[in-house]
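Shown here: work_8.txt, compact mmCIF, N, CA and C atoms.
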# COMPACT_ATOMS: atom_id res chain seq x y z
N MET W 11 226.59 -185.42 78.90
CA MET W 11 226.42 -186.50 77.97
C MET W 11 225.24 -186.24 77.04
N ILE W 12 224.15 -185.71 77.59
CA ILE W 12 222.97 -185.40 76.76
C ILE W 12 223.33 -184.31 75.76
N LYS W 13 224.10 -183.31 76.21
CA LYS W 13 224.52 -182.23 75.32
C LYS W 13 225.37 -182.79 74.19
N THR W 14 226.24 -183.76 74.50
CA THR W 14 227.09 -184.36 73.49
C THR W 14 226.27 -185.11 72.47
N ARG W 15 225.23 -185.85 72.92
CA ARG W 15 224.36 -186.59 72.01
C ARG W 15 223.58 -185.63 71.11
N ILE W 16 223.08 -184.54 71.71
CA ILE W 16 222.32 -183.56 70.93
C ILE W 16 223.24 -182.92 69.88
N ALA W 17 224.44 -182.56 70.28
CA ALA W 17 225.41 -181.96 69.37
C ALA W 17 225.78 -182.94 68.26
N ALA W 18 225.98 -184.19 68.62
CA ALA W 18 226.34 -185.21 67.63
C ALA W 18 225.19 -185.45 66.66
N SER W 19 223.98 -185.53 67.16
CA SER W 19 222.84 -185.77 66.27
C SER W 19 222.58 -184.54 65.39
N THR W 20 222.80 -183.36 65.92
CA THR W 20 222.66 -182.14 65.12
C THR W 20 223.71 -182.11 64.02
N ALA W 21 224.94 -182.43 64.37
CA ALA W 21 226.01 -182.46 63.38
C ALA W 21 225.72 -183.51 62.31
N LEU W 22 225.23 -184.67 62.73
CA LEU W 22 224.89 -185.73 61.79
C LEU W 22 223.76 -185.29 60.86
N ALA W 23 222.78 -184.59 61.39
CA ALA W 23 221.67 -184.09 60.58
C ALA W 23 222.16 -183.06 59.57
N ILE W 24 223.08 -182.21 59.98
CA ILE W 24 223.63 -181.20 59.07
C ILE W 24 224.42 -181.87 57.95
N VAL W 25 225.24 -182.85 58.30
CA VAL W 25 226.02 -183.57 57.30
C VAL W 25 225.09 -184.30 56.32
N ALA W 26 224.05 -184.94 56.84
CA ALA W 26 223.11 -185.66 55.99
C ALA W 26 222.38 -184.70 55.06
N ALA W 27 221.94 -183.57 55.57
CA ALA W 27 221.23 -182.59 54.75
C ALA W 27 222.15 -182.01 53.67
N THR W 28 223.38 -181.73 54.03
CA THR W 28 224.34 -181.20 53.07
C THR W 28 224.64 -182.23 51.98
N THR W 29 224.83 -183.48 52.39
CA THR W 29 225.09 -184.55 51.42
C THR W 29 223.93 -184.72 50.47
N MET W 30 222.71 -184.69 50.99
CA MET W 30 221.53 -184.82 50.13
C MET W 30 221.40 -183.64 49.18
N ALA W 31 221.68 -182.46 49.67
CA ALA W 31 221.59 -181.27 48.83
C ALA W 31 222.62 -181.32 47.71
N LEU W 32 223.84 -181.73 48.04
CA LEU W 32 224.88 -181.83 47.02
C LEU W 32 224.59 -182.94 46.03
N ALA W 33 224.02 -184.02 46.49
CA ALA W 33 223.70 -185.13 45.59
C ALA W 33 222.59 -184.74 44.63
N ALA W 34 221.69 -183.87 45.05
CA ALA W 34 220.59 -183.43 44.20
C ALA W 34 221.06 -182.48 43.10
N CYS W 35 222.19 -181.83 43.32
CA CYS W 35 222.72 -180.90 42.33
C CYS W 35 223.59 -181.66 41.33
N SER W 36 223.43 -181.32 40.09
CA SER W 36 224.33 -181.90 39.09
C SER W 36 225.04 -180.75 38.41
N VAL W 37 226.28 -180.96 38.12
CA VAL W 37 227.09 -179.94 37.49
C VAL W 37 227.29 -180.31 36.03
N ASP W 38 226.85 -179.43 35.15
CA ASP W 38 227.06 -179.62 33.72
C ASP W 38 228.42 -179.01 33.40
N LYS W 39 229.35 -179.85 33.00
CA LYS W 39 230.71 -179.37 32.75
C LYS W 39 230.81 -178.53 31.48
N ASN W 40 229.82 -178.65 30.59
CA ASN W 40 229.82 -177.88 29.34
C ASN W 40 228.48 -177.18 29.16
N PRO W 41 228.17 -176.22 30.02
CA PRO W 41 226.88 -175.53 29.85
C PRO W 41 226.87 -174.73 28.56
N ARG W 42 225.72 -174.72 27.87
CA ARG W 42 225.58 -173.96 26.63
C ARG W 42 224.63 -172.80 26.89
N VAL W 43 225.18 -171.63 26.88
CA VAL W 43 224.39 -170.43 27.05
C VAL W 43 224.49 -169.65 25.74
N GLU W 44 223.35 -169.43 25.10
CA GLU W 44 223.35 -168.69 23.85
C GLU W 44 222.76 -167.31 24.10
N LEU W 45 223.52 -166.30 23.80
CA LEU W 45 223.09 -164.92 23.97
C LEU W 45 223.00 -164.25 22.62
N ASP W 46 222.04 -163.36 22.47
CA ASP W 46 221.97 -162.56 21.26
C ASP W 46 223.17 -161.63 21.24
N GLU W 47 223.69 -161.37 20.06
CA GLU W 47 224.76 -160.40 19.94
C GLU W 47 224.21 -159.03 20.29
N THR W 48 225.03 -158.22 20.91
CA THR W 48 224.65 -156.85 21.20
C THR W 48 225.64 -155.92 20.52
N PRO W 49 225.22 -154.73 20.19
CA PRO W 49 226.13 -153.80 19.52
C PRO W 49 227.40 -153.54 20.32
N ILE W 50 227.30 -153.57 21.64
CA ILE W 50 228.47 -153.28 22.48
C ILE W 50 229.52 -154.37 22.29
N ILE W 51 229.09 -155.62 22.20
CA ILE W 51 230.02 -156.73 22.09
C ILE W 51 230.45 -156.95 20.64
N SER W 52 229.53 -156.89 19.71
CA SER W 52 229.82 -157.27 18.33
C SER W 52 230.27 -156.11 17.45
N GLY W 53 230.17 -154.88 17.94
CA GLY W 53 230.56 -153.75 17.12
C GLY W 53 229.44 -153.24 16.23
N GLY W 54 228.24 -153.69 16.43
CA GLY W 54 227.09 -153.27 15.63
C GLY W 54 226.18 -154.44 15.35
N LEU W 55 224.98 -154.15 14.91
CA LEU W 55 224.03 -155.22 14.60
C LEU W 55 224.28 -155.84 13.25
N GLY W 56 224.96 -155.12 12.38
CA GLY W 56 225.27 -155.66 11.08
C GLY W 56 224.52 -154.96 9.96
N TRP W 57 224.37 -155.69 8.86
CA TRP W 57 223.76 -155.16 7.65
C TRP W 57 222.74 -156.14 7.14
N GLY W 58 221.68 -155.63 6.54
CA GLY W 58 220.63 -156.49 6.03
C GLY W 58 220.47 -156.33 4.53
N VAL W 59 220.13 -157.43 3.87
CA VAL W 59 219.81 -157.42 2.45
C VAL W 59 218.35 -157.86 2.32
N VAL W 60 217.55 -157.05 1.67
CA VAL W 60 216.13 -157.36 1.50
C VAL W 60 216.01 -158.61 0.63
N SER W 61 215.24 -159.59 1.10
CA SER W 61 215.09 -160.86 0.39
C SER W 61 213.74 -160.99 -0.32
N LEU W 62 212.84 -160.06 -0.08
CA LEU W 62 211.53 -160.08 -0.74
C LEU W 62 211.56 -159.17 -1.97
N SER W 63 210.68 -159.44 -2.93
CA SER W 63 210.61 -158.60 -4.12
C SER W 63 210.35 -157.14 -3.76
N TYR W 64 209.50 -156.95 -2.77
CA TYR W 64 209.10 -155.60 -2.34
C TYR W 64 208.81 -155.68 -0.86
N ALA W 65 209.29 -154.74 -0.08
CA ALA W 65 209.03 -154.75 1.36
C ALA W 65 208.70 -153.34 1.83
N ARG W 66 207.75 -153.27 2.75
CA ARG W 66 207.38 -152.00 3.37
C ARG W 66 208.18 -151.82 4.65
N LEU W 67 208.76 -150.67 4.81
CA LEU W 67 209.40 -150.31 6.07
C LEU W 67 208.29 -149.79 6.99
N MET W 68 208.26 -150.25 8.21
CA MET W 68 207.19 -149.89 9.14
C MET W 68 207.70 -148.90 10.19
N LEU W 69 206.80 -148.04 10.68
CA LEU W 69 207.18 -147.09 11.73
C LEU W 69 207.43 -147.80 13.07
N GLU W 70 206.78 -148.93 13.28
CA GLU W 70 206.93 -149.73 14.51
C GLU W 70 207.08 -151.19 14.11
N PRO W 71 207.58 -152.04 15.01
CA PRO W 71 207.72 -153.46 14.69
C PRO W 71 206.38 -154.20 14.74
N SER W 72 205.53 -153.90 13.77
CA SER W 72 204.21 -154.50 13.69
C SER W 72 203.73 -154.45 12.24
N LEU W 73 203.04 -155.50 11.83
CA LEU W 73 202.49 -155.52 10.47
C LEU W 73 201.36 -154.51 10.29
N ASP W 74 200.78 -154.07 11.39
CA ASP W 74 199.68 -153.10 11.34
C ASP W 74 200.16 -151.65 11.44
N ALA W 75 201.45 -151.43 11.60
CA ALA W 75 201.99 -150.07 11.73
C ALA W 75 201.95 -149.35 10.39
N ALA W 76 202.03 -148.04 10.45
CA ALA W 76 202.06 -147.23 9.23
C ALA W 76 203.41 -147.41 8.52
N ASP W 77 203.39 -147.21 7.21
CA ASP W 77 204.61 -147.32 6.41
C ASP W 77 205.52 -146.12 6.67
N SER W 78 206.83 -146.38 6.59
CA SER W 78 207.79 -145.27 6.68
C SER W 78 208.70 -145.25 5.45
N GLY W 79 208.45 -146.14 4.50
CA GLY W 79 209.24 -146.19 3.28
C GLY W 79 209.12 -147.56 2.64
N THR W 80 209.85 -147.76 1.57
CA THR W 80 209.83 -149.03 0.87
C THR W 80 211.24 -149.44 0.48
N CYS W 81 211.40 -150.72 0.19
CA CYS W 81 212.67 -151.23 -0.33
C CYS W 81 212.38 -152.45 -1.18
N ARG W 82 213.37 -152.84 -1.97
CA ARG W 82 213.20 -153.95 -2.91
C ARG W 82 214.30 -154.99 -2.69
N ARG W 83 214.06 -156.17 -3.29
CA ARG W 83 215.05 -157.26 -3.18
C ARG W 83 216.43 -156.76 -3.59
N GLY W 84 217.41 -157.10 -2.76
CA GLY W 84 218.80 -156.72 -3.05
C GLY W 84 219.23 -155.40 -2.44
N ASP W 85 218.29 -154.60 -1.91
CA ASP W 85 218.67 -153.36 -1.23
C ASP W 85 219.46 -153.70 0.03
N VAL W 86 220.52 -152.95 0.27
CA VAL W 86 221.38 -153.16 1.44
C VAL W 86 221.17 -152.02 2.41
N GLY W 87 220.95 -152.36 3.69
CA GLY W 87 220.74 -151.34 4.70
C GLY W 87 221.45 -151.65 5.99
N GLU W 88 221.80 -150.60 6.71
CA GLU W 88 222.45 -150.75 8.00
C GLU W 88 221.40 -151.06 9.07
N LEU W 89 221.65 -152.07 9.88
CA LEU W 89 220.73 -152.43 10.96
C LEU W 89 221.02 -151.55 12.17
N LEU W 90 219.99 -150.85 12.63
CA LEU W 90 220.15 -149.88 13.71
C LEU W 90 219.67 -150.39 15.05
N ALA W 91 218.66 -151.27 15.04
CA ALA W 91 218.09 -151.79 16.28
C ALA W 91 217.45 -153.13 16.01
N ARG W 92 217.22 -153.87 17.09
CA ARG W 92 216.58 -155.18 16.96
C ARG W 92 215.68 -155.36 18.18
N THR W 93 214.51 -155.96 17.92
CA THR W 93 213.60 -156.28 19.01
C THR W 93 212.92 -157.60 18.70
N ARG W 94 212.48 -158.27 19.72
CA ARG W 94 211.81 -159.56 19.57
C ARG W 94 210.36 -159.41 20.03
N VAL W 95 209.43 -159.77 19.14
CA VAL W 95 208.01 -159.76 19.47
C VAL W 95 207.64 -161.21 19.77
N ALA W 96 207.02 -161.43 20.94
CA ALA W 96 206.81 -162.79 21.43
C ALA W 96 205.68 -163.55 20.75
N LYS W 97 204.58 -162.90 20.47
CA LYS W 97 203.45 -163.68 19.95
C LYS W 97 202.65 -162.95 18.91
N GLY W 98 201.66 -163.67 18.41
CA GLY W 98 200.78 -163.08 17.41
C GLY W 98 201.39 -163.13 16.03
N ARG W 99 200.69 -162.52 15.10
CA ARG W 99 201.20 -162.55 13.72
C ARG W 99 202.44 -161.69 13.53
N ASP W 100 202.74 -160.82 14.49
CA ASP W 100 203.96 -160.00 14.45
C ASP W 100 205.15 -160.73 15.07
N GLY W 101 204.94 -161.96 15.56
CA GLY W 101 205.97 -162.69 16.29
C GLY W 101 207.25 -162.88 15.51
N GLY W 102 208.36 -162.80 16.22
CA GLY W 102 209.67 -162.99 15.64
C GLY W 102 210.57 -161.80 15.91
N VAL W 103 211.66 -161.74 15.20
CA VAL W 103 212.63 -160.66 15.37
C VAL W 103 212.37 -159.58 14.31
N TRP W 104 212.39 -158.36 14.75
CA TRP W 104 212.24 -157.20 13.87
C TRP W 104 213.52 -156.39 13.92
N TYR W 105 213.92 -155.88 12.76
CA TYR W 105 215.12 -155.04 12.65
C TYR W 105 214.73 -153.65 12.18
N ARG W 106 215.29 -152.65 12.82
CA ARG W 106 215.16 -151.27 12.34
C ARG W 106 216.37 -151.02 11.47
N ALA W 107 216.14 -150.63 10.23
CA ALA W 107 217.23 -150.50 9.27
C ALA W 107 217.10 -149.19 8.49
N ARG W 108 218.27 -148.72 8.02
CA ARG W 108 218.32 -147.51 7.21
C ARG W 108 218.70 -147.91 5.78
N PHE W 109 217.78 -147.65 4.85
CA PHE W 109 217.97 -147.91 3.43
C PHE W 109 217.89 -146.58 2.69
N ASP W 110 218.22 -146.60 1.39
CA ASP W 110 218.06 -145.40 0.58
C ASP W 110 216.60 -144.96 0.54
N GLY W 111 215.68 -145.93 0.63
CA GLY W 111 214.25 -145.64 0.58
C GLY W 111 213.68 -145.16 1.90
N GLY W 112 214.48 -145.07 2.94
CA GLY W 112 214.01 -144.61 4.23
C GLY W 112 214.51 -145.49 5.36
N THR W 113 214.00 -145.18 6.54
CA THR W 113 214.36 -145.93 7.75
C THR W 113 213.09 -146.49 8.35
N GLY W 114 213.14 -147.75 8.77
CA GLY W 114 211.97 -148.35 9.39
C GLY W 114 212.24 -149.78 9.83
N TRP W 115 211.19 -150.42 10.31
CA TRP W 115 211.28 -151.77 10.84
C TRP W 115 210.91 -152.80 9.77
N LEU W 116 211.69 -153.88 9.70
CA LEU W 116 211.42 -155.00 8.81
C LEU W 116 211.45 -156.29 9.62
N HIS W 117 210.53 -157.20 9.32
CA HIS W 117 210.52 -158.50 9.98
C HIS W 117 211.69 -159.33 9.47
N GLU W 118 212.18 -160.23 10.31
CA GLU W 118 213.32 -161.07 9.95
C GLU W 118 213.09 -161.88 8.67
N SER W 119 211.84 -162.17 8.36
CA SER W 119 211.53 -162.96 7.16
C SER W 119 211.79 -162.18 5.87
N ALA W 120 211.98 -160.87 5.98
CA ALA W 120 212.21 -160.03 4.80
C ALA W 120 213.69 -159.71 4.60
N LEU W 121 214.55 -160.20 5.49
CA LEU W 121 215.96 -159.82 5.47
C LEU W 121 216.90 -161.01 5.56
N ALA W 122 218.03 -160.87 4.92
CA ALA W 122 219.18 -161.74 5.19
C ALA W 122 220.16 -160.84 5.95
N VAL W 123 220.67 -161.31 7.08
CA VAL W 123 221.52 -160.48 7.94
C VAL W 123 222.98 -160.89 7.79
N PHE W 124 223.84 -159.87 7.69
CA PHE W 124 225.28 -160.08 7.55
C PHE W 124 226.02 -159.22 8.57
N ARG W 125 227.23 -159.64 8.92
CA ARG W 125 228.00 -158.91 9.92
C ARG W 125 228.53 -157.59 9.40
N THR W 126 228.93 -157.55 8.14
CA THR W 126 229.54 -156.34 7.59
C THR W 126 228.84 -155.90 6.32
N GLU W 127 229.03 -154.64 5.97
CA GLU W 127 228.46 -154.12 4.73
C GLU W 127 229.06 -154.84 3.53
N ASN W 128 230.35 -155.13 3.61
CA ASN W 128 231.03 -155.82 2.52
C ASN W 128 230.41 -157.20 2.26
N GLU W 129 230.16 -157.96 3.33
CA GLU W 129 229.53 -159.28 3.19
C GLU W 129 228.15 -159.15 2.55
N ALA W 130 227.40 -158.14 2.97
CA ALA W 130 226.05 -157.93 2.42
C ALA W 130 226.12 -157.60 0.93
N ARG W 131 227.01 -156.71 0.56
CA ARG W 131 227.12 -156.32 -0.85
C ARG W 131 227.64 -157.48 -1.70
N ASN W 132 228.55 -158.28 -1.16
CA ASN W 132 229.04 -159.46 -1.90
C ASN W 132 227.92 -160.47 -2.11
N ALA W 133 227.06 -160.61 -1.13
CA ALA W 133 225.93 -161.55 -1.28
C ALA W 133 224.98 -161.10 -2.37
N VAL W 134 224.78 -159.79 -2.49
CA VAL W 134 223.91 -159.26 -3.55
C VAL W 134 224.53 -159.52 -4.91
N GLU W 135 225.82 -159.30 -5.02
CA GLU W 135 226.52 -159.50 -6.31
C GLU W 135 226.57 -160.97 -6.70
N ALA W 136 226.62 -161.87 -5.73
CA ALA W 136 226.72 -163.31 -6.01
C ALA W 136 225.37 -163.92 -6.36
N ARG W 137 224.31 -163.16 -6.16
CA ARG W 137 222.95 -163.65 -6.45
C ARG W 137 222.77 -163.90 -7.93
N PRO W 138 222.11 -165.00 -8.31
CA PRO W 138 221.87 -165.26 -9.74
C PRO W 138 220.86 -164.30 -10.34

The structure in this file should be written as structure tokens.
Amino acid sequence: MIKTRIAASTALAIVAATTMALAACSVDKNPRVELDETPIISGGLGWGVVSLSYARLMLEPSLDAADSGTCRRGDVGELLARTRVAKGRDGGVWYRARFDGGTGWLHESALAVFRTENEARNAVEARP
């Protein structure tokens, strides 16, 4: 009889703990997970159009890095890589791009990004 009471109280404790654990969990039926596009999934990083009058291409994703070339507003380049800098004045997304003026890193504030070369070139032509 004592064994039965111990077993019953143990079972009751397990049921109570399980119920409390399940009640504490909430299920979001529409979770929103946003992932950055990757070249493997999207077929490439895309194309960039320089939005500044003049931009320096950098050897590294930093404003203090050495120059590796230059580009001007409306230049179209293929995006080769992307990295995110977390803090400081270099903070934000940096793109490594290939332009006629060279290859280097540009901050996201200097670029408009498009999925295809055609979209990028059309945006340049549509500019006033």

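Nearest residue to Gly111 (chain W) among W:Met68, W:Val86, W:Cys81, W:Ile24 is W:Cys81, counting only C-alpha atoms.
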
Practice item. Determine, counting only C-alpha atoms, every residue of protein, DNA or RNA that lies within 10 Å of (206.4, -154.3, 21.3) in the file coordinates, then give the result as a list in words. Key: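 Output of the proximity query reads Glu70, Pro71, Ser72, Thr93, Arg94, Val95, Ala96, Lys97, Asp100, Gly101 and Trp104 of chain W.
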
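Between CA of Trp115 (chain W) and CA of Gly98 (chain W) lies a distance of 16.8 Å.
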
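Going from atom C of Gly102 (chain W) over to atom C of Glu118 (chain W), you cover 7.7 Å.
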
Exercise for review: Name all residues at most 12 Å from Glu135 (chain W) (count only C-alpha atoms; drop same-chain ones fewer than 5 positions away) and give them as a PyMOL selection string.
Suggested key: chain W and resi 59+84-86+128-130

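Shell of Leu89 (chain W) at 6 Å, with all atoms listed in the file counted and residues fewer than 6 places along the chain excluded, is Leu55, Gly56, Trp57, Gly58, Arg106, Ala107 and Arg108 of chain W.
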
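You can rank W:Arg131, W:Arg137, W:Arg99, W:His117 by their closest distance to Ala65 (chain W) using only C-alpha atoms, and at the top of that list sits W:His117.
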
Point to revise | From W:Ser61, W:Gly79, W:Leu69, W:Ala91, residue lying nearest Gly112 (chain W) [all atoms listed in the file] | key: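 Counting all atoms listed in the file, the residue closest to Gly112 (chain W) is W:Gly79.
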
Review point. How many Å lie between atom C of Phe124 (chain W) and atom C of Gly54 (chain W), rounded to one decimal?
Key: 8.3 Å

**Study point:** Members of region 49-118 of chain W assigned strand (DSSP E or B) by DSSP, as a PyMOL selection string
**Key:** chain W and resi 57-60+64-68+77-82+86-95+102-109+112-117

Point to revise | Residue nearest Arg66 (chain W) - candidates W:Pro138, W:Ser78, W:Leu90, W:Phe109, atoms counted: all atoms listed in the file | key: W:Ser78

Review point. Using all atoms listed in the file, which of the listed residues (W:Asn132, W:Val103, W:Asp77, W:Ala120) sits closest to Ser63 (chain W)?
Key: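 Selected residue with least distance to Ser63 (chain W): W:Ala120.
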
Review point. Of the candidates W:Leu116, W:Val60, W:Leu67, W:Leu73, which shows the shortest atom-to-atom distance to Ala133 (chain W), using only C-alpha atoms?
Key: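 Closest candidate: W:Val60.
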